[in-house]
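entry_23.pdb, holding PDB, C-alpha atoms:
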```pdb
ATOM      1  CA  MET A   1      24.549  14.644 -21.717
ATOM      2  CA  THR A   2      22.295  16.368 -19.188
ATOM      3  CA  ARG A   3      21.226  19.811 -18.004
ATOM      4  CA  TYR A   4      23.474  19.329 -14.974
ATOM      5  CA  PRO A   5      27.183  18.674 -15.458
ATOM      6  CA  ALA A   6      28.276  15.225 -14.337
ATOM      7  CA  PRO A   7      31.298  14.984 -12.077
ATOM      8  CA  GLU A   8      34.512  13.430 -13.301
ATOM      9  CA  LEU A   9      34.971   9.792 -12.301
ATOM     10  CA  LYS A  10      38.314  10.652 -10.677
ATOM     11  CA  ASP A  11      36.610  13.165  -8.366
ATOM     12  CA  LEU A  12      34.063  10.731  -6.925
ATOM     13  CA  PRO A  13      34.277   9.028  -3.519
ATOM     14  CA  GLU A  14      36.059   5.662  -3.678
ATOM     15  CA  ASP A  15      32.933   3.514  -3.105
ATOM     16  CA  MET A  16      31.117   5.193  -6.002
ATOM     17  CA  ARG A  17      34.136   5.070  -8.291
ATOM     18  CA  ALA A  18      34.600   1.354  -7.561
ATOM     19  CA  ARG A  19      30.954   0.579  -8.363
ATOM     20  CA  ILE A  20      31.064   2.556 -11.603
ATOM     21  CA  LEU A  21      34.292   0.876 -12.701
ATOM     22  CA  GLU A  22      32.740  -2.517 -11.944
ATOM     23  CA  VAL A  23      29.785  -1.665 -14.194
ATOM     24  CA  GLN A  24      32.151  -0.423 -16.890
ATOM     25  CA  GLU A  25      34.158  -3.639 -16.724
ATOM     26  CA  LYS A  26      31.028  -5.759 -17.107
ATOM     27  CA  SER A  27      29.264  -3.759 -19.820
ATOM     28  CA  GLY A  28      32.173  -2.131 -21.642
ATOM     29  CA  PHE A  29      30.917   1.411 -20.969
ATOM     30  CA  VAL A  30      29.593   3.598 -18.155
ATOM     31  CA  PRO A  31      25.814   4.033 -18.393
ATOM     32  CA  ASN A  32      25.087   7.757 -18.220
ATOM     33  CA  VAL A  33      22.806   7.400 -15.198
ATOM     34  CA  PHE A  34      25.770   6.481 -12.998
ATOM     35  CA  LEU A  35      27.558   9.766 -13.631
ATOM     36  CA  ALA A  36      24.483  11.964 -14.015
ATOM     37  CA  LEU A  37      23.245  11.122 -10.513
ATOM     38  CA  ALA A  38      26.740  11.119  -8.969
ATOM     39  CA  ARG A  39      26.645  14.894  -8.477
ATOM     40  CA  ARG A  40      24.838  14.157  -5.201
ATOM     41  CA  PRO A  41      26.638  11.233  -3.545
ATOM     42  CA  ALA A  42      24.138  10.586  -0.716
ATOM     43  CA  GLU A  43      21.245  10.445  -3.187
ATOM     44  CA  TRP A  44      23.305   8.313  -5.607
ATOM     45  CA  ARG A  45      23.995   5.752  -2.857
ATOM     46  CA  ALA A  46      20.333   5.662  -1.786
ATOM     47  CA  PHE A  47      19.142   5.387  -5.400
ATOM     48  CA  PHE A  48      21.410   2.480  -6.297
ATOM     49  CA  ALA A  49      20.822   0.707  -2.982
ATOM     50  CA  TYR A  50      17.067   0.705  -3.642
ATOM     51  CA  HIS A  51      17.621  -0.156  -7.315
ATOM     52  CA  ASP A  52      19.692  -3.181  -6.340
ATOM     53  CA  ALA A  53      17.231  -4.255  -3.634
ATOM     54  CA  LEU A  54      14.452  -4.338  -6.232
ATOM     55  CA  MET A  55      16.225  -5.456  -9.385
ATOM     56  CA  LEU A  56      18.892  -7.876  -8.153
ATOM     57  CA  LYS A  57      17.001  -9.748  -5.448
ATOM     58  CA  GLU A  58      16.831 -13.525  -5.653
ATOM     59  CA  GLU A  59      13.604 -14.030  -3.680
ATOM     60  CA  GLY A  60      10.177 -14.120  -5.306
ATOM     61  CA  SER A  61       8.945 -15.437  -8.596
ATOM     62  CA  LEU A  62       9.761 -12.454 -10.824
ATOM     63  CA  THR A  63      12.584 -13.162 -13.236
ATOM     64  CA  LYS A  64      15.188 -10.528 -14.077
ATOM     65  CA  GLY A  65      13.569 -10.274 -17.511
ATOM     66  CA  GLU A  66      10.137  -9.659 -15.986
ATOM     67  CA  ARG A  67      11.572  -6.946 -13.756
ATOM     68  CA  GLU A  68      13.052  -5.242 -16.826
ATOM     69  CA  MET A  69       9.746  -5.701 -18.650
ATOM     70  CA  ILE A  70       7.989  -3.729 -15.901
ATOM     71  CA  VAL A  71      10.580  -0.956 -16.169
ATOM     72  CA  THR A  72      10.341  -0.809 -19.969
ATOM     73  CA  ALA A  73       6.532  -0.742 -20.130
ATOM     74  CA  THR A  74       6.014   1.793 -17.352
ATOM     75  CA  SER A  75       8.905   3.974 -18.522
ATOM     76  CA  ALA A  76       7.256   4.113 -21.943
ATOM     77  CA  ALA A  77       4.004   5.213 -20.286
ATOM     78  CA  ASN A  78       6.024   7.920 -18.515
ATOM     79  CA  LYS A  79       7.723   8.847 -21.811
ATOM     80  CA  CYS A  80      11.224   8.370 -20.410
ATOM     81  CA  LEU A  81      13.631   7.957 -23.308
ATOM     82  CA  TYR A  82      16.599   7.013 -21.125
ATOM     83  CA  CYS A  83      14.869   4.192 -19.248
ATOM     84  CA  VAL A  84      13.014   2.771 -22.258
ATOM     85  CA  VAL A  85      16.246   2.517 -24.246
ATOM     86  CA  ALA A  86      18.531   1.377 -21.412
ATOM     87  CA  HIS A  87      16.169  -1.085 -19.737
ATOM     88  CA  GLY A  88      14.796  -2.217 -23.087
ATOM     89  CA  ALA A  89      18.346  -3.283 -23.961
ATOM     90  CA  ILE A  90      18.664  -5.246 -20.723
ATOM     91  CA  LEU A  91      15.217  -6.775 -21.321
ATOM     92  CA  ARG A  92      16.257  -8.003 -24.787
ATOM     93  CA  ILE A  93      19.330  -9.650 -23.275
ATOM     94  CA  TYR A  94      17.545 -11.342 -20.362
ATOM     95  CA  GLU A  95      14.640 -12.584 -22.484
ATOM     96  CA  LYS A  96      16.886 -13.456 -25.457
ATOM     97  CA  LYS A  97      14.305 -11.847 -27.745
ATOM     98  CA  PRO A  98      15.512  -8.971 -29.952
ATOM     99  CA  LEU A  99      11.971  -7.661 -30.605
ATOM    100  CA  VAL A 100      10.396  -7.839 -27.160
ATOM    101  CA  ALA A 101      11.491  -4.469 -25.772
ATOM    102  CA  ASP A 102      10.074  -2.509 -28.689
ATOM    103  CA  GLN A 103       6.833  -4.473 -28.480
ATOM    104  CA  VAL A 104       6.513  -3.968 -24.723
ATOM    105  CA  ALA A 105       7.332  -0.260 -24.948
ATOM    106  CA  VAL A 106       4.849   0.466 -27.730
ATOM    107  CA  ASN A 107       1.968  -1.852 -26.791
ATOM    108  CA  TYR A 108       2.609  -4.683 -24.338
ATOM    109  CA  ARG A 109      -0.890  -6.077 -25.041
ATOM    110  CA  LYS A 110       0.307  -7.076 -28.518
ATOM    111  CA  ALA A 111       3.797  -8.140 -27.461
ATOM    112  CA  ASP A 112       5.128 -11.685 -27.679
ATOM    113  CA  ILE A 113       4.846 -12.281 -23.922
ATOM    114  CA  THR A 114       3.114 -14.877 -21.749
ATOM    115  CA  PRO A 115      -0.343 -14.421 -20.187
ATOM    116  CA  ARG A 116       1.439 -14.218 -16.806
ATOM    117  CA  GLN A 117       3.607 -11.357 -18.039
ATOM    118  CA  ARG A 118       0.605  -9.561 -19.510
ATOM    119  CA  ALA A 119      -1.248  -9.789 -16.180
ATOM    120  CA  MET A 120       1.873  -8.479 -14.448
ATOM    121  CA  LEU A 121       2.095  -5.528 -16.841
ATOM    122  CA  ASP A 122      -1.654  -4.811 -16.546
ATOM    123  CA  PHE A 123      -1.112  -4.396 -12.803
ATOM    124  CA  ALA A 124       2.115  -2.401 -13.217
ATOM    125  CA  MET A 125       0.451  -0.020 -15.654
ATOM    126  CA  LYS A 126      -2.432   0.551 -13.256
ATOM    127  CA  VAL A 127       0.065   1.319 -10.474
ATOM    128  CA  CYS A 128       1.900   3.629 -12.888
ATOM    129  CA  LEU A 129      -1.112   5.525 -14.189
ATOM    130  CA  ARG A 130      -3.942   5.060 -11.676
ATOM    131  CA  SER A 131      -2.540   3.783  -8.389
ATOM    132  CA  ASP A 132      -5.401   5.398  -6.500
ATOM    133  CA  GLU A 133      -7.765   2.927  -8.207
ATOM    134  CA  ILE A 134      -5.999  -0.277  -7.088
ATOM    135  CA  GLU A 135      -8.462  -2.636  -5.396
ATOM    136  CA  GLU A 136      -8.710  -6.242  -4.280
ATOM    137  CA  ALA A 137      -9.800  -7.366  -7.747
ATOM    138  CA  ASP A 138      -6.410  -6.245  -9.092
ATOM    139  CA  PHE A 139      -4.645  -8.531  -6.607
ATOM    140  CA  ALA A 140      -7.055 -11.378  -7.343
ATOM    141  CA  ALA A 141      -6.301 -11.142 -11.087
ATOM    142  CA  LEU A 142      -2.628 -11.898 -10.383
ATOM    143  CA  LYS A 143      -3.112 -14.925  -8.119
ATOM    144  CA  PRO A 144      -4.002 -17.445 -10.897
ATOM    145  CA  HIS A 145      -0.683 -16.558 -12.560
ATOM    146  CA  GLY A 146       1.291 -17.615  -9.492
ATOM    147  CA  PHE A 147       2.009 -14.178  -8.067
ATOM    148  CA  GLU A 148       2.167 -14.119  -4.273
ATOM    149  CA  ASP A 149       1.652 -10.978  -2.188
ATOM    150  CA  GLU A 150       5.411 -10.296  -2.038
ATOM    151  CA  ASP A 151       5.666 -10.574  -5.838
ATOM    152  CA  ILE A 152       2.838  -8.072  -6.172
ATOM    153  CA  TRP A 153       4.677  -5.722  -3.810
ATOM    154  CA  ASP A 154       7.745  -6.085  -6.061
ATOM    155  CA  ILE A 155       5.733  -5.202  -9.170
ATOM    156  CA  ALA A 156       4.379  -2.079  -7.470
ATOM    157  CA  ALA A 157       7.725  -1.091  -5.930
ATOM    158  CA  ILE A 158       9.591  -1.450  -9.242
ATOM    159  CA  THR A 159       6.919   0.633 -10.958
ATOM    160  CA  ALA A 160       7.053   3.323  -8.273
ATOM    161  CA  PHE A 161      10.851   3.445  -8.076
ATOM    162  CA  PHE A 162      11.187   3.826 -11.819
ATOM    163  CA  GLY A 163       8.509   6.520 -11.778
ATOM    164  CA  LEU A 164      11.052   8.494  -9.735
ATOM    165  CA  SER A 165      13.891   7.467 -12.038
ATOM    166  CA  ASN A 166      11.873   8.404 -15.151
ATOM    167  CA  ARG A 167      11.158  11.845 -13.829
ATOM    168  CA  MET A 168      14.774  12.493 -12.828
ATOM    169  CA  ALA A 169      16.037  11.321 -16.218
ATOM    170  CA  SER A 170      13.488  13.356 -18.150
ATOM    171  CA  PHE A 171      13.775  16.654 -16.275
ATOM    172  CA  SER A 172      17.592  16.517 -16.358
ATOM    173  CA  ASN A 173      17.672  15.592 -20.072
ATOM    174  CA  MET A 174      19.617  12.404 -19.380
ATOM    175  CA  MET A 175      20.265  10.703 -22.710
ATOM    176  CA  PRO A 176      20.838   6.974 -23.271
ATOM    177  CA  ASN A 177      24.318   5.822 -24.210
ATOM    178  CA  ALA A 178      24.606   4.906 -27.889
ATOM    179  CA  GLU A 179      25.682   1.383 -26.863
ATOM    180  CA  PHE A 180      22.224   0.608 -25.473
ATOM    181  CA  TYR A 181      20.530   0.874 -28.864
ATOM    182  CA  LEU A 182      22.173  -2.247 -30.300
ATOM    183  CA  MET A 183      22.457  -4.367 -27.145
ATOM    184  CA  GLY A 184      20.483  -7.577 -27.479
ATOM    185  CA  ARG A 185      19.648  -6.867 -31.121
ATOM    186  CA  VAL A 186      22.858  -8.066 -32.703
ATOM    187  CA  PRO A 187      25.227 -10.790 -31.543
ATOM    188  CA  ARG A 188      27.897  -9.520 -29.177
ATOM    189  CA  GLU A 189      31.433  -9.628 -30.488
ATOM    190  CA  LYS A 190      33.465 -12.286 -28.703
ATOM    191  CA  LYS A 191      36.784 -11.270 -27.249
ATOM    192  CA  PRO A 192      39.732 -13.269 -28.609
ATOM    193  CA  ALA A 193      40.979 -16.002 -26.299
ATOM    194  CA  ALA A 194      44.112 -15.115 -24.406
TER     195      ALA A 194
END
```

Could you render the structure as structure tokens?
Amino acid sequence: MTRYPAPELKDLPEDMRARILEVQEKSGFVPNVFLALARRPAEWRAFFAYHDALMLKEEGSLTKGEREMIVTATSAANKCLYCVVAHGAILRIYEKKPLVADQVAVNYRKADITPRQRAMLDFAMKVCLRSDEIEEADFAALKPHGFEDEDIWDIAAITAFFGLSNRMASFSNMMPNAEFYLMGRVPREKKPAA
């Protein structure tokens, strides 16, 4: 799976094991990132705490789909296979559009997204590729689309956090789970009623 051996689930501290089992229960599998980063428990806890603070927050105007769109587009710019595939799958599910993740990853300017989402991704890509060039005009371009200063912070923070994640996944050769490739593309099988 990676250049660094992942620990066994049974050998992890209880809080980490519980979180991973919760994810497994919800998704039906354990995303590789959870075990790959678990070799360093303090870093794992910090990583997922910041991940959750950015991606699961209720405040602000960014939808869960828009957050995943930022991750997918910027991860593609960073050439991170794991994050493009994994977060592209989540994006397809949140947006209920089987084609959107591929479009956003390859060329978001031609993707079936709203003008608001395009403006958001224009800003995210500038943070991703040329953050030293951010200026007031970049903030001003987002205001007509309803983005407040805290939303803009979220766009930048998501981009920056996943820049870290992309680099960790790429250098360690973290590979996406096979399950991610079909998620959101084909209807999910329904479990029989009990």

So which residues fall inside 12 Å of (-4.4, -10.2, -7.6) if we count all atoms listed in the file? Mind giving them as number ranges by chain? A: 116, 119-120, 122-124, 134-153, 155-156

Would you mind exporting C-alpha atoms of the selected residues as a PDB file, keeping the file's coordinate frame?
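Generated file (result18.pdb):
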```pdb
ATOM      1  CA  ARG A 116       1.439 -14.218 -16.806  1.00  0.00           C
ATOM      2  CA  ALA A 119      -1.248  -9.789 -16.180  1.00  0.00           C
ATOM      3  CA  MET A 120       1.873  -8.479 -14.448  1.00  0.00           C
ATOM      4  CA  ASP A 122      -1.654  -4.811 -16.546  1.00  0.00           C
ATOM      5  CA  PHE A 123      -1.112  -4.396 -12.803  1.00  0.00           C
ATOM      6  CA  ALA A 124       2.115  -2.401 -13.217  1.00  0.00           C
ATOM      7  CA  ILE A 134      -5.999  -0.277  -7.088  1.00  0.00           C
ATOM      8  CA  GLU A 135      -8.462  -2.636  -5.396  1.00  0.00           C
ATOM      9  CA  GLU A 136      -8.710  -6.242  -4.280  1.00  0.00           C
ATOM     10  CA  ALA A 137      -9.800  -7.366  -7.747  1.00  0.00           C
ATOM     11  CA  ASP A 138      -6.410  -6.245  -9.092  1.00  0.00           C
ATOM     12  CA  PHE A 139      -4.645  -8.531  -6.607  1.00  0.00           C
ATOM     13  CA  ALA A 140      -7.055 -11.378  -7.343  1.00  0.00           C
ATOM     14  CA  ALA A 141      -6.301 -11.142 -11.087  1.00  0.00           C
ATOM     15  CA  LEU A 142      -2.628 -11.898 -10.383  1.00  0.00           C
ATOM     16  CA  LYS A 143      -3.112 -14.925  -8.119  1.00  0.00           C
ATOM     17  CA  PRO A 144      -4.002 -17.445 -10.897  1.00  0.00           C
ATOM     18  CA  HIS A 145      -0.683 -16.558 -12.560  1.00  0.00           C
ATOM     19  CA  GLY A 146       1.291 -17.615  -9.492  1.00  0.00           C
ATOM     20  CA  PHE A 147       2.009 -14.178  -8.067  1.00  0.00           C
ATOM     21  CA  GLU A 148       2.167 -14.119  -4.273  1.00  0.00           C
ATOM     22  CA  ASP A 149       1.652 -10.978  -2.188  1.00  0.00           C
ATOM     23  CA  GLU A 150       5.411 -10.296  -2.038  1.00  0.00           C
ATOM     24  CA  ASP A 151       5.666 -10.574  -5.838  1.00  0.00           C
ATOM     25  CA  ILE A 152       2.838  -8.072  -6.172  1.00  0.00           C
ATOM     26  CA  TRP A 153       4.677  -5.722  -3.810  1.00  0.00           C
ATOM     27  CA  ILE A 155       5.733  -5.202  -9.170  1.00  0.00           C
ATOM     28  CA  ALA A 156       4.379  -2.079  -7.470  1.00  0.00           C
TER      29      ALA A 156
END
```

Taking all atoms listed in the file into account, name the residue in A:Met125, A:Tyr94, A:Val30, A:Met55 that is nearest to Arg109 (chain A).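 Checking each candidate against Arg109 (chain A), we get A:Met125 as the closest.
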
Counting all atoms listed in the file, which residue out of A:Val33, A:Ile158, A:Val186, A:Ala46 sits closest to Ala86 (chain A)?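 Selected residue with least distance to Ala86 (chain A): A:Val33.
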
Shell around Ser172 (chain A) at 8 Å using all atoms listed in the file, local window under 4 positions removed, as a ChimeraX atom specification: /A:2-4,168

To verify the selection step, state as a CSV table (one decimal) with C-alpha atoms, in the frame of the given file which residues the PyMOL selection byres ((chain A and resi 8) around 10) yields on this input.
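New file out-v6.csv:
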```
chain,number,residue,atom,x,y,z
A,5,PRO,CA,27.2,18.7,-15.5
A,6,ALA,CA,28.3,15.2,-14.3
A,7,PRO,CA,31.3,15.0,-12.1
A,9,LEU,CA,35.0,9.8,-12.3
A,10,LYS,CA,38.3,10.7,-10.7
A,11,ASP,CA,36.6,13.2,-8.4
A,12,LEU,CA,34.1,10.7,-6.9
A,17,ARG,CA,34.1,5.1,-8.3
A,35,LEU,CA,27.6,9.8,-13.6
A,38,ALA,CA,26.7,11.1,-9.0
A,39,ARG,CA,26.6,14.9,-8.5
```

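Nearest residue to Met183 (chain A), choosing from A:Leu56, A:Met16, A:Ala77, A:Ile90 and counting all atoms listed in the file: A:Ile90.
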
Quick one: distance from CA of Lys64 (chain A) to CA of Ala101 (chain A) in Å, one decimal?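 Atom-to-atom, CA of Lys64 (chain A) and CA of Ala101 (chain A) are spaced 13.7 Å apart.
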